[in-house]
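**Q** Pasting target_10.txt here (compact mmCIF, C-alpha atoms):
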```
# COMPACT_ATOMS: atom_id res chain seq x y z
CA MET I 1 19.17 41.47 68.90
CA PRO I 2 18.45 38.24 70.81
CA SER I 3 21.28 37.10 73.04
CA SER I 4 20.54 33.37 73.23
CA ARG I 5 22.09 32.21 69.96
CA PRO I 6 24.23 29.10 70.51
CA TRP I 7 26.72 30.00 67.77
CA ALA I 8 27.25 33.39 69.42
CA ALA I 9 28.09 31.72 72.72
CA VAL I 10 30.61 29.45 71.01
CA ALA I 11 32.22 32.42 69.24
CA VAL I 12 32.46 34.42 72.47
CA ALA I 13 34.02 31.47 74.28
CA ALA I 14 36.59 30.98 71.52
CA LEU I 15 37.43 34.66 71.53
CA ALA I 16 37.79 34.71 75.30
CA LEU I 17 40.21 31.81 75.23
CA SER I 18 42.32 33.45 72.53
CA GLY I 19 42.30 36.69 74.47
CA CYS I 20 43.90 34.97 77.43
CA ALA I 21 46.50 33.21 75.34
CA SER I 22 48.89 36.11 74.84
CA PRO I 23 49.43 39.43 76.59
CA PRO I 24 48.91 42.69 74.69
CA PRO I 25 51.95 44.42 73.21
CA ALA I 26 53.75 46.99 75.31
CA ALA I 27 51.90 50.31 75.32
CA PRO I 28 53.50 53.71 74.81
CA PRO I 29 54.05 55.59 78.08
CA GLY I 30 50.89 57.34 79.19
CA GLU I 31 48.52 55.05 77.24
CA HIS I 32 46.52 52.50 79.24
CA ALA I 33 43.65 50.20 78.30
CA PRO I 34 42.16 47.15 80.03
CA GLN I 35 42.82 43.53 79.10
CA VAL I 36 39.95 42.48 76.84
CA THR I 37 38.87 39.66 74.56
CA VAL I 38 40.83 39.38 71.31
CA ALA I 39 38.85 39.05 68.07
CA GLU I 40 40.14 36.08 66.07
CA PRO I 41 40.19 36.07 62.24
CA GLY I 42 39.10 32.43 62.23
CA SER I 43 35.90 33.18 64.16
CA ALA I 44 34.19 34.19 60.90
CA ARG I 45 34.35 30.59 59.68
CA GLY I 46 31.10 28.87 60.51
CA ALA I 47 29.47 32.02 61.90
CA ARG I 48 25.72 32.22 61.36
CA GLY I 49 22.89 34.65 62.02
CA GLU I 50 22.46 38.39 61.89
CA VAL I 51 25.02 41.12 62.58
CA THR I 52 23.97 44.70 63.29
CA LEU I 53 26.20 47.62 62.33
CA CYS I 54 25.36 50.99 63.94
CA GLY I 55 26.56 54.37 62.74
CA ILE I 56 26.03 57.76 61.17
CA ARG I 57 23.43 58.75 58.55
CA ASP I 58 23.89 56.56 55.50
CA THR I 59 24.77 58.21 52.19
CA GLY I 60 24.50 54.89 50.36
CA VAL I 61 27.71 53.20 51.49
CA PHE I 62 26.06 50.97 54.09
CA GLU I 63 22.96 50.14 52.11
CA ASN I 64 25.29 48.84 49.40
CA LEU I 65 27.47 47.03 51.93
CA THR I 66 24.65 45.20 53.67
CA GLN I 67 22.81 44.31 50.44
CA GLU I 68 25.89 42.82 48.85
CA PHE I 69 26.96 41.03 52.02
CA ASN I 70 23.48 39.53 52.38
CA ALA I 71 23.46 38.42 48.73
CA ARG I 72 26.48 36.22 49.47
CA GLY I 73 24.33 34.01 51.69
CA GLY I 74 26.12 31.38 53.74
CA GLY I 75 23.76 31.72 56.70
CA LEU I 76 24.82 35.30 57.44
CA SER I 77 22.93 38.57 57.14
CA ALA I 78 23.64 42.17 58.09
CA ARG I 79 21.58 45.27 58.79
CA TYR I 80 22.59 48.89 59.24
CA VAL I 81 21.04 51.06 61.95
CA GLU I 82 21.40 54.84 61.76
CA ILE I 83 21.82 56.10 65.31
CA GLY I 84 22.75 59.70 64.46
CA GLN I 85 22.63 62.27 61.69
CA ASP I 86 26.10 63.68 62.28
CA THR I 87 29.28 62.77 64.16
CA ASP I 88 28.26 64.33 67.48
CA SER I 89 24.76 62.86 67.61
CA THR I 90 26.07 59.45 66.53
CA ARG I 91 28.65 59.49 69.31
CA ALA I 92 26.02 60.51 71.88
CA GLN I 93 23.70 57.66 70.86
CA ALA I 94 26.56 55.16 70.80
CA LEU I 95 27.71 56.16 74.29
CA GLN I 96 24.17 55.76 75.60
CA ARG I 97 24.16 52.16 74.37
CA LEU I 98 27.70 51.35 75.45
CA GLU I 99 27.36 52.78 78.94
CA GLY I 100 24.05 50.98 79.36
CA GLY I 101 25.53 47.61 78.37
CA SER I 102 23.28 47.26 75.31
CA SER I 103 23.97 44.41 72.87
CA GLU I 104 21.87 45.97 70.09
CA CYS I 105 24.96 46.84 68.03
CA ASP I 106 27.45 44.10 67.25
CA LEU I 107 29.60 46.48 65.29
CA TYR I 108 30.03 50.25 65.42
CA LEU I 109 31.14 52.68 62.76
CA THR I 110 33.62 54.74 64.80
CA ASP I 111 35.09 58.13 64.01
CA VAL I 112 38.89 58.09 64.03
CA THR I 113 38.93 60.41 67.06
CA TRP I 114 37.00 58.00 69.31
CA THR I 115 39.56 55.20 69.53
CA SER I 116 41.36 56.27 72.71
CA GLU I 117 38.20 56.92 74.69
CA TRP I 118 36.46 53.69 73.70
CA ALA I 119 39.60 51.62 74.27
CA THR I 120 40.15 52.91 77.80
CA GLN I 121 36.52 52.16 78.69
CA GLY I 122 36.77 48.52 77.56
CA TRP I 123 33.87 48.92 75.13
CA LEU I 124 35.58 47.16 72.22
CA LEU I 125 37.31 43.91 71.44
CA ASP I 126 41.04 43.89 70.72
CA HIS I 127 41.29 43.86 66.90
CA SER I 128 45.08 43.46 66.66
CA ARG I 129 44.92 40.03 65.01
CA LEU I 130 42.38 41.26 62.46
CA THR I 131 44.53 44.18 61.38
CA GLU I 132 47.73 42.13 61.38
CA ARG I 133 46.63 39.93 58.49
CA HIS I 134 45.78 43.00 56.35
CA ARG I 135 48.71 45.16 57.43
CA ASP I 136 50.54 44.95 54.09
CA GLU I 137 47.37 45.76 52.13
CA LEU I 138 46.29 48.92 53.99
CA MET I 139 47.47 52.49 53.61
CA PRO I 140 50.05 52.68 56.44
CA SER I 141 48.63 55.85 57.99
CA THR I 142 45.18 54.29 58.41
CA LEU I 143 46.44 51.93 61.10
CA GLU I 144 47.35 54.91 63.27
CA THR I 145 43.65 55.67 63.65
CA VAL I 146 42.86 52.37 65.41
CA ARG I 147 45.97 52.04 67.59
CA TYR I 148 46.03 52.87 71.28
CA ALA I 149 48.05 51.42 74.17
CA GLY I 150 49.93 49.10 71.82
CA ARG I 151 46.80 47.41 70.45
CA ASP I 152 44.31 47.95 67.62
CA TRP I 153 40.69 48.73 68.54
CA GLY I 154 39.05 48.53 65.14
CA VAL I 155 39.75 47.97 61.46
CA PRO I 156 40.07 50.96 59.08
CA PHE I 157 37.10 51.19 56.69
CA TYR I 158 37.46 54.46 54.82
CA ILE I 159 39.91 57.25 55.35
CA ASN I 160 40.23 60.94 54.66
CA ALA I 161 42.82 63.68 54.47
CA GLY I 162 42.52 67.29 53.41
CA LEU I 163 43.34 68.68 49.97
CA LEU I 164 43.99 72.20 48.78
CA PHE I 165 41.78 73.02 45.80
CA TYR I 166 42.85 76.02 43.76
CA ARG I 167 41.79 77.98 40.70
CA ALA I 168 44.48 77.48 38.09
CA ASP I 169 43.31 80.62 36.26
CA ARG I 170 44.12 82.82 39.28
CA VAL I 171 46.84 81.29 41.44
CA PRO I 172 49.83 78.96 41.01
CA PRO I 173 49.98 75.45 42.49
CA PRO I 174 50.69 75.64 46.23
CA THR I 175 54.27 75.19 47.39
CA THR I 176 54.13 76.19 51.09
CA TRP I 177 51.44 77.58 53.35
CA ARG I 178 53.41 80.81 53.68
CA GLU I 179 53.42 81.18 49.89
CA VAL I 180 49.70 80.37 49.69
CA TYR I 181 48.95 83.16 52.16
CA ALA I 182 51.27 85.54 50.29
CA GLN I 183 49.46 84.83 47.01
CA ALA I 184 46.06 85.03 48.67
CA GLY I 185 46.80 88.42 50.15
CA GLN I 186 47.34 90.04 46.74
CA ASP I 187 43.63 90.52 46.03
CA ARG I 188 40.24 89.21 47.11
CA SER I 189 39.89 86.88 44.13
CA LYS I 190 42.92 84.89 45.34
CA ARG I 191 42.06 84.56 49.01
CA VAL I 192 41.72 81.32 51.00
CA GLN I 193 38.45 79.70 52.05
CA MET I 194 38.73 77.38 55.04
CA GLN I 195 36.78 76.08 58.04
CA ALA I 196 37.32 78.48 60.94
CA LYS I 197 34.19 78.47 63.08
CA ARG I 198 34.37 77.07 66.62
CA TYR I 199 34.19 73.34 65.85
CA GLU I 200 36.23 70.28 64.88
CA GLY I 201 36.93 71.64 61.40
CA LEU I 202 39.06 74.45 62.84
CA THR I 203 40.97 71.89 64.91
CA ALA I 204 41.80 69.97 61.71
CA ASN I 205 42.88 73.14 59.86
CA PHE I 206 45.11 74.19 62.76
CA LEU I 207 46.67 70.73 63.18
CA GLU I 208 47.54 70.49 59.48
CA LEU I 209 49.73 73.56 59.80
CA LEU I 210 51.07 72.62 63.24
CA TYR I 211 52.15 69.13 62.16
CA SER I 212 53.84 70.52 59.07
CA ALA I 213 55.67 73.10 61.18
CA GLY I 214 57.00 70.24 63.35
CA GLY I 215 54.75 70.84 66.34
CA SER I 216 52.46 68.62 68.40
CA VAL I 217 49.76 68.88 71.05
CA ILE I 218 50.40 65.81 73.25
CA ASP I 219 53.37 63.43 73.12
CA ASP I 220 53.40 59.64 73.62
CA SER I 221 53.79 59.99 77.37
CA GLY I 222 50.67 62.15 77.62
CA ARG I 223 52.69 65.32 78.21
CA VAL I 224 51.16 68.51 76.77
CA THR I 225 53.57 69.95 74.19
CA VAL I 226 51.46 72.60 72.46
CA ASP I 227 53.14 75.57 74.20
CA SER I 228 55.87 75.76 71.57
CA PRO I 229 57.50 78.02 68.97
CA GLN I 230 55.73 76.01 66.25
CA THR I 231 52.30 76.77 67.72
CA ARG I 232 53.15 80.45 67.91
CA ALA I 233 54.33 80.48 64.29
CA VAL I 234 51.15 78.77 63.06
CA LEU I 235 48.73 80.99 64.98
CA ARG I 236 50.68 84.08 63.95
CA LEU I 237 50.44 83.12 60.27
CA MET I 238 46.70 82.39 60.55
CA ALA I 239 46.00 85.62 62.44
CA GLN I 240 48.03 87.69 59.98
CA GLY I 241 46.24 85.95 57.12
CA MET I 242 42.89 87.00 58.57
CA ASP I 243 44.09 90.58 59.14
CA SER I 244 45.52 90.95 55.64
CA GLY I 245 42.51 89.48 53.89
CA ALA I 246 44.44 86.42 52.70
CA ILE I 247 41.79 84.41 54.58
CA ASP I 248 38.19 85.41 53.93
CA ARG I 249 37.00 86.74 57.30
CA ALA I 250 33.63 85.12 56.69
CA CYS I 251 35.44 81.82 57.33
CA LEU I 252 35.02 82.52 61.04
CA SER I 253 31.45 81.27 60.56
CA TYR I 254 32.17 78.62 57.91
CA ASP I 255 32.01 74.85 58.07
CA GLU I 256 32.84 72.62 55.08
CA ASP I 257 29.67 73.35 53.12
CA TYR I 258 29.79 77.12 53.50
CA ALA I 259 33.49 77.30 52.63
CA ARG I 260 32.93 75.20 49.50
CA ARG I 261 29.98 77.30 48.36
CA ALA I 262 31.97 80.51 48.81
CA TYR I 263 34.76 79.07 46.68
CA GLU I 264 32.31 77.87 44.02
CA SER I 265 30.83 81.36 43.83
CA GLY I 266 34.20 82.72 42.67
CA ALA I 267 35.07 84.40 45.96
CA ALA I 268 38.49 82.78 46.38
CA GLY I 269 41.55 81.29 44.75
CA TYR I 270 42.15 78.51 47.30
CA LEU I 271 39.93 76.14 49.26
CA ARG I 272 41.09 73.80 52.00
CA GLN I 273 38.60 70.91 51.89
CA TRP I 274 38.03 67.17 52.10
CA PRO I 275 38.17 65.16 48.85
CA SER I 276 34.40 64.62 48.77
CA ALA I 277 34.03 68.27 47.68
CA HIS I 278 35.61 67.48 44.30
CA LYS I 279 32.46 66.14 42.66
CA LEU I 280 30.33 69.04 43.88
CA ILE I 281 32.86 71.65 42.70
CA SER I 282 33.14 69.97 39.31
CA GLU I 283 29.42 70.57 38.73
CA THR I 284 29.78 74.37 39.10
CA SER I 285 31.34 77.10 36.98
CA ALA I 286 34.49 76.81 39.11
CA GLY I 287 34.92 73.17 38.12
CA PRO I 288 36.77 73.51 34.79
CA VAL I 289 39.50 75.72 36.30
CA THR I 290 39.83 73.93 39.66
CA ARG I 291 42.78 71.69 40.42
CA ALA I 292 43.53 69.64 43.55
CA ALA I 293 46.86 69.52 45.38
CA ALA I 294 48.16 67.66 48.41
CA LEU I 295 48.46 69.92 51.43
CA PRO I 296 51.76 71.82 51.28
CA ALA I 297 54.59 72.24 53.78
CA PHE I 298 54.41 75.08 56.30
CA ASP I 299 57.51 76.79 54.89
CA GLU I 300 60.66 76.00 52.92
CA GLY I 301 62.28 74.24 55.87
CA SER I 302 59.39 71.91 56.74
CA ARG I 303 57.60 68.89 55.37
CA PRO I 304 53.98 68.53 54.21
CA ALA I 305 51.50 67.11 56.67
CA ALA I 306 47.82 66.26 56.76
CA VAL I 307 45.38 65.23 59.48
CA LEU I 308 43.68 61.86 59.24
CA GLY I 309 39.92 61.68 59.06
CA GLY I 310 37.55 58.86 58.27
CA TRP I 311 35.72 55.98 59.93
CA ASN I 312 36.61 52.55 61.28
CA LEU I 313 34.71 49.36 62.04
CA ALA I 314 34.86 48.16 65.65
CA ILE I 315 33.29 45.12 67.30
CA ALA I 316 31.52 45.86 70.56
CA ALA I 317 32.63 43.94 73.63
CA LYS I 318 28.94 43.15 74.26
CA SER I 319 28.34 41.78 70.76
CA ASP I 320 26.16 38.67 70.65
CA ASN I 321 27.68 37.57 67.34
CA PRO I 322 31.34 38.61 67.07
CA GLY I 323 32.10 35.92 64.50
CA ALA I 324 29.53 37.39 62.11
CA ALA I 325 30.94 40.85 62.83
CA VAL I 326 34.39 39.62 61.75
CA ALA I 327 32.84 38.24 58.56
CA LEU I 328 31.24 41.62 57.77
CA ILE I 329 34.54 43.41 58.42
CA ASP I 330 36.30 40.96 56.09
CA TYR I 331 33.91 41.82 53.26
CA ALA I 332 33.82 45.58 53.94
CA THR I 333 37.61 45.82 53.80
CA SER I 334 38.07 43.51 50.82
CA ALA I 335 39.51 44.84 47.57
CA GLU I 336 36.21 43.92 45.89
CA PHE I 337 33.97 46.08 48.06
CA GLN I 338 36.51 48.86 48.62
CA LYS I 339 36.75 49.43 44.85
CA LYS I 340 32.97 49.52 44.48
CA MET I 341 32.78 51.99 47.36
CA VAL I 342 35.30 54.46 45.98
CA LEU I 343 33.81 54.37 42.47
CA ARG I 344 30.24 54.84 43.73
CA THR I 345 30.71 57.35 46.53
CA ALA I 346 34.25 58.77 46.24
CA GLN I 347 34.97 57.65 49.81
CA ALA I 348 38.72 57.18 50.08
CA PRO I 349 39.58 53.48 50.41
CA VAL I 350 41.94 51.99 52.97
CA PHE I 351 43.08 49.33 50.47
CA ALA I 352 46.41 50.75 49.26
CA ALA I 353 46.53 49.22 45.76
CA LEU I 354 43.34 51.03 44.73
CA TYR I 355 45.15 54.38 44.68
CA ASP I 356 47.05 53.13 41.61
CA ASP I 357 44.10 51.35 40.00
CA PRO I 358 43.56 52.74 36.44
CA GLU I 359 39.77 52.66 36.72
CA VAL I 360 39.79 54.50 40.04
CA ARG I 361 42.24 57.10 38.73
CA ALA I 362 40.09 57.68 35.65
CA GLU I 363 36.96 58.20 37.73
CA LEU I 364 38.58 60.27 40.51
CA PRO I 365 41.36 62.48 39.13
CA PHE I 366 42.33 63.77 42.58
CA ILE I 367 43.33 60.30 43.83
CA PRO I 368 47.10 60.80 43.26
CA GLN I 369 47.02 63.99 45.32
CA LEU I 370 44.97 62.33 48.02
CA LYS I 371 47.44 59.45 48.15
CA GLU I 372 50.25 61.98 48.65
CA SER I 373 48.34 63.66 51.48
CA LEU I 374 47.62 60.32 53.13
CA LEU I 375 51.26 59.29 53.00
CA HIS I 376 52.09 62.42 55.04
CA ALA I 377 49.05 62.24 57.30
CA LYS I 378 49.06 61.96 61.08
CA PRO I 379 46.29 61.18 63.59
CA ARG I 380 44.77 63.83 65.79
CA PRO I 381 46.05 63.92 69.39
CA ARG I 382 45.57 60.56 71.09
CA SER I 383 43.62 61.15 74.27
CA PRO I 384 40.74 59.42 76.07
CA VAL I 385 39.27 62.93 76.43
CA TYR I 386 39.86 63.97 72.83
CA ALA I 387 36.56 65.88 72.61
CA GLN I 388 37.73 68.22 75.38
CA VAL I 389 41.21 68.52 73.84
CA SER I 390 39.71 69.47 70.48
CA ARG I 391 37.47 72.04 72.13
CA ALA I 392 40.51 73.59 73.78
CA ILE I 393 42.20 73.81 70.38
CA TYR I 394 39.37 75.32 68.38
CA ASP I 395 38.22 77.71 71.12
CA ASN I 396 41.68 79.21 71.60
CA ALA I 397 42.64 79.16 67.92
CA TYR I 398 39.40 81.02 67.17
CA GLU I 399 40.18 83.64 69.81
CA VAL I 400 43.57 84.32 68.22
CA ILE I 401 42.68 84.31 64.52
CA SER I 402 39.55 86.41 65.09
CA GLY I 403 41.67 89.05 66.84
CA GLN I 404 40.07 88.66 70.27
CA THR I 405 43.38 87.79 71.92
CA ASP I 406 47.06 87.94 71.02
CA VAL I 407 49.19 84.98 69.99
CA GLU I 408 51.20 84.73 73.21
CA SER I 409 48.15 84.80 75.47
CA GLY I 410 46.33 82.39 73.17
CA VAL I 411 49.12 79.82 73.25
CA ARG I 412 49.38 79.92 77.04
CA GLU I 413 45.62 79.55 77.42
CA LEU I 414 45.53 76.74 74.86
CA ALA I 415 48.20 74.79 76.75
CA ALA I 416 46.42 75.35 80.08
CA ASP I 417 43.09 74.18 78.65
CA VAL I 418 44.63 71.02 77.15
CA GLU I 419 46.29 70.31 80.51
CA SER I 420 42.94 70.72 82.26
CA ALA I 421 41.28 68.40 79.75
CA GLN I 422 43.92 65.72 80.28
CA GLU I 423 43.49 65.94 84.04
CA THR I 424 39.80 65.09 83.77
CA PHE I 425 40.62 61.51 82.79
```
Could you render the structure as structure tokens?

**A**
Amino acid sequence: MPSSRPWAAVAVAALALSGCASPPPAAPPGEHAPQVTVAEPGSARGARGEVTLCGIRDTGVFENLTQEFNARGGGLSARYVEIGQDTDSTRAQALQRLEGGSSECDLYLTDVTWTSEWATQGWLLDHSRLTERHRDELMPSTLETVRYAGRDWGVPFYINAGLLFYRADRVPPPTTWREVYAQAGQDRSKRVQMQAKRYEGLTANFLELLYSAGGSVIDDSGRVTVDSPQTRAVLRLMAQGMDSGAIDRACLSYDEDYARRAYESGAAGYLRQWPSAHKLISETSAGPVTRAAALPAFDEGSRPAAVLGGWNLAIAAKSDNPGAAVALIDYATSAEFQKKMVLRTAQAPVFAALYDDPEVRAELPFIPQLKESLLHAKPRPRSPVYAQVSRAIYDNAYEVISGQTDVESGVRELAADVESAQETF
């Protein structure tokens, strides 16, 4: 995009002045980010020109967003640029632009796990004033995905949390994870399908159980806390589930698509999955007997927990047109567009009232269960080196549940690897 637009210069100057007007809120111990320009809600007024949003392969959400935003006129237009086909390739392409100081992308679609890293590098504007005006309208847990060092580094766009799908003709509704595994171990038709290959999906599956058991990986001070009784209990349950057949051993090579297809084929009673699987399952023979439940508690003495997924919108510090970027965020997070998005694509909205909207509930019957999961959801470990932390989790969890190492050794190695990852920052 050209960088000589006079309105862009005015917007940047206004944002810079507002950024100097007030210091950032106090950060939790161990979280540090540089002082940066603050994005002002009022900068959208009078903004003109083009805004470029960069992100992952479009499944229709962003074509709809840009077309409808452009139809509003007012001297503003938006375009969407696919810079990757999946999360990893999108991140790699984004980092190439950010590290090179490119101004091609005014706005990035950011995975919820990127916030800490991008904040510490100073690649984004401070979005705290943008989120503040919508705070009462958003699902509370969504704001956790943009917060780091006491400030917000994006605006939630769509969110995700896992569900437990189950065949009502074979197994009862889930009560606790221990009970699920007990039911699943009775025969092969009742077993669990999950994501257990060496990748981010296994990290999410592990964290869902760990959070419910009361455990954590890193605390607010940056201290590694994963060497704990809770971690041992979770890995022991998962390893025993694999040994007993409660978990399909083929899951060691499964991502989301493979796990869903195995469930659809009739090879299981339970499926841990993201909500987007609902429509696909409903079109198979498993559909009529499949129900969705919020993720259960670990055992009778614990509380349910889920892990937050989804994507946020974040204005680049090098944006040539931050005012237009604010205007696009305003439309993307409006009740009007959020409702269209969830009805068209089943992407979970961040606008809280939509979870009780009659039309949305009629179209997406799992919405009440998803709302319950989201109310109990937590972010993944906050770390500027989250990619390395996640790798430490899924590598060591895989070693334990596949039977290649014992629980005690696996926990010690997991803690050591997370410590090493943290020390690289």

**Q** Nearest residue to Phe157 in chain I out of I:Ile401, I:Ala78, I:Ile83, I:Ala352, using all atoms listed in the file?

**A** I:Ala352

**Q** Calculated over all atoms listed in the file, which of the candidates I:Thr290, I:Gln35, I:Ser103, I:Thr115 has the smallest distance to Leu164 in chain I?

**A**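 Of I:Thr290, I:Gln35, I:Ser103, I:Thr115, the one nearest Leu164 in chain I is I:Thr290, counting all atoms listed in the file.
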
**Q** In Å, how far is it from CA of Thr110 in chain I to CA of His376 in chain I?

**A**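 So the answer is 22.3 Å.
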
**Q** Identify which of the residues I:Val418, I:Val217, I:Ala184, I:Leu343 lies closest to Met242 in chain I, counting all atoms listed in the file when measuring atom-to-atom distances.

**A** I:Ala184

**Q** Which residues are near Arg236 in chain I? Cut-off 10 Å, only C-alpha atoms, ignore same chain within fewer than 6 positions. Put them as number ranges by chain.

**A** I: 230, 242, 400-401, 406-408

**Q** Applying 12 Å and all atoms listed in the file, which residues near Arg361 in chain I remain after dropping the ones on its own chain fewer than 5 positions away? List them as a ChimeraX atom specification.

**A** /I:339,342-343,346,348,353-356,366-371

**Q** Go ahead and compute the interatomic distance for CA of Tyr331 in chain I and CA of Val112 in chain I, in Å to one decimal.

**A**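 These two atoms are separated by 20.1 Å.
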
**Q** If we count all atoms listed in the file and set the cut-off at 12 Å, which residues sit around Lys197 in chain I, ignoring sequence neighbours fewer than 2 positions away in its own chain? Please answer as a VMD selection string.

**A** chain I and resid 193 to 195 199 to 206 249 to 256 258 to 259 391 393 to 399 401 to 402

**Q** Which of these residues is nearest to Gln183 in chain I, using only C-alpha atoms: I:Arg170, I:Cys54, I:Glu264, I:Val307?

**A**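 Once distances to Gln183 in chain I are computed over only C-alpha atoms, the minimum belongs to I:Arg170.
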
**Q** Would you please work out which residue, of I:Pro275, I:Leu163, I:Ala182, I:Ser189, is nearest to Ala306 in chain I when using only C-alpha atoms?

**A**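 When distances to Ala306 in chain I are compared using only C-alpha atoms, the smallest one comes from I:Leu163.
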
**Q** Measuring atom to atom with all atoms listed in the file, identify which of I:Pro174, I:Gly403, I:Pro41, I:Gly162 is nearest to His127 in chain I.

**A**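 Distance minimum relative to His127 in chain I lands on I:Pro41.
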
**Q** Fewer than 5 positions away in the same chain doesn't count, so skip those; otherwise give me all residues within 12 Å of Ser282 in chain I, counting all atoms listed in the file, as a PyMOL selection string.

**A** chain I and resi 165+167+260+263-264+275-277+287-292+364-366

**Q** Grab the CA of Ala335 in chain I to CA of Leu280 in chain I distance for me, in Å with one decimal place.

**A**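 Between these atoms lies a distance of 26.1 Å.
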
**Q** Please return as a list of chain:residue names every residue within 12 Å of (57.3, 67.8, 53.5), taking into account only C-alpha atoms and the file's own coordinates.

**A**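 Collected hits near the coordinates: I:Thr175, I:Thr176, I:Trp177, I:Glu208, I:Leu209, I:Tyr211, I:Ser212, I:Ala213, I:Gly214, I:Ala294, I:Leu295, I:Pro296, I:Ala297, I:Phe298, I:Asp299, I:Glu300, I:Gly301, I:Ser302, I:Arg303, I:Pro304, I:Ala305, I:Ala306, I:Glu372, I:Ser373, I:Leu375, I:His376, I:Ala377.
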
**Q** Got a sec: who's within 9 Å of Ala316 in chain I, counting all atoms listed in the file, leaving out chain neighbours fewer than 6 positions off, as a PDB file with C-alpha atoms, in the coordinates of the input?

**A**
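Printed below is selection28.pdb as written:
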```pdb
ATOM      1  CA  LEU I  98      27.700  51.350  75.450  1.00  0.00           C
ATOM      2  CA  SER I 103      23.970  44.410  72.870  1.00  0.00           C
ATOM      3  CA  CYS I 105      24.960  46.840  68.030  1.00  0.00           C
ATOM      4  CA  ASP I 106      27.450  44.100  67.250  1.00  0.00           C
ATOM      5  CA  LEU I 107      29.600  46.480  65.290  1.00  0.00           C
ATOM      6  CA  TYR I 108      30.030  50.250  65.420  1.00  0.00           C
ATOM      7  CA  TRP I 123      33.870  48.920  75.130  1.00  0.00           C
ATOM      8  CA  LEU I 124      35.580  47.160  72.220  1.00  0.00           C
ATOM      9  CA  LEU I 125      37.310  43.910  71.440  1.00  0.00           C
ATOM     10  CA  PRO I 322      31.340  38.610  67.070  1.00  0.00           C
TER      11      PRO I 322
END
```

**Q** Write range 212-216 of chain I as a PDB file, in the frame of the given file, completed to all heavy atoms.

**A**
```pdb
ATOM      1  N   SER I 212      52.869  70.190  60.102  1.00  0.00           N
ATOM      2  CA  SER I 212      53.840  70.520  59.070  1.00  0.00           C
ATOM      3  C   SER I 212      54.974  71.377  59.621  1.00  0.00           C
ATOM      4  O   SER I 212      56.125  71.252  59.196  1.00  0.00           O
ATOM      5  CB  SER I 212      53.158  71.239  57.909  1.00  0.00           C
ATOM      6  OG  SER I 212      54.100  71.626  56.940  1.00  0.00           O
ATOM      7  N   ALA I 213      54.649  72.242  60.574  1.00  0.00           N
ATOM      8  CA  ALA I 213      55.670  73.100  61.180  1.00  0.00           C
ATOM      9  C   ALA I 213      56.542  72.335  62.168  1.00  0.00           C
ATOM     10  O   ALA I 213      57.516  72.878  62.702  1.00  0.00           O
ATOM     11  CB  ALA I 213      55.010  74.288  61.888  1.00  0.00           C
ATOM     12  N   GLY I 214      56.213  71.054  62.429  1.00  0.00           N
ATOM     13  CA  GLY I 214      57.000  70.240  63.350  1.00  0.00           C
ATOM     14  C   GLY I 214      56.495  70.239  64.769  1.00  0.00           C
ATOM     15  O   GLY I 214      57.174  69.743  65.673  1.00  0.00           O
ATOM     16  N   GLY I 215      55.291  70.767  64.991  1.00  0.00           N
ATOM     17  CA  GLY I 215      54.750  70.840  66.340  1.00  0.00           C
ATOM     18  C   GLY I 215      53.841  69.681  66.673  1.00  0.00           C
ATOM     19  O   GLY I 215      53.555  68.815  65.851  1.00  0.00           O
ATOM     20  N   SER I 216      53.374  69.658  67.917  1.00  0.00           N
ATOM     21  CA  SER I 216      52.460  68.620  68.400  1.00  0.00           C
ATOM     22  C   SER I 216      51.631  69.201  69.528  1.00  0.00           C
ATOM     23  O   SER I 216      51.915  70.301  70.028  1.00  0.00           O
ATOM     24  CB  SER I 216      53.222  67.383  68.861  1.00  0.00           C
ATOM     25  OG  SER I 216      54.069  67.701  69.956  1.00  0.00           O
TER      26      SER I 216
END
```
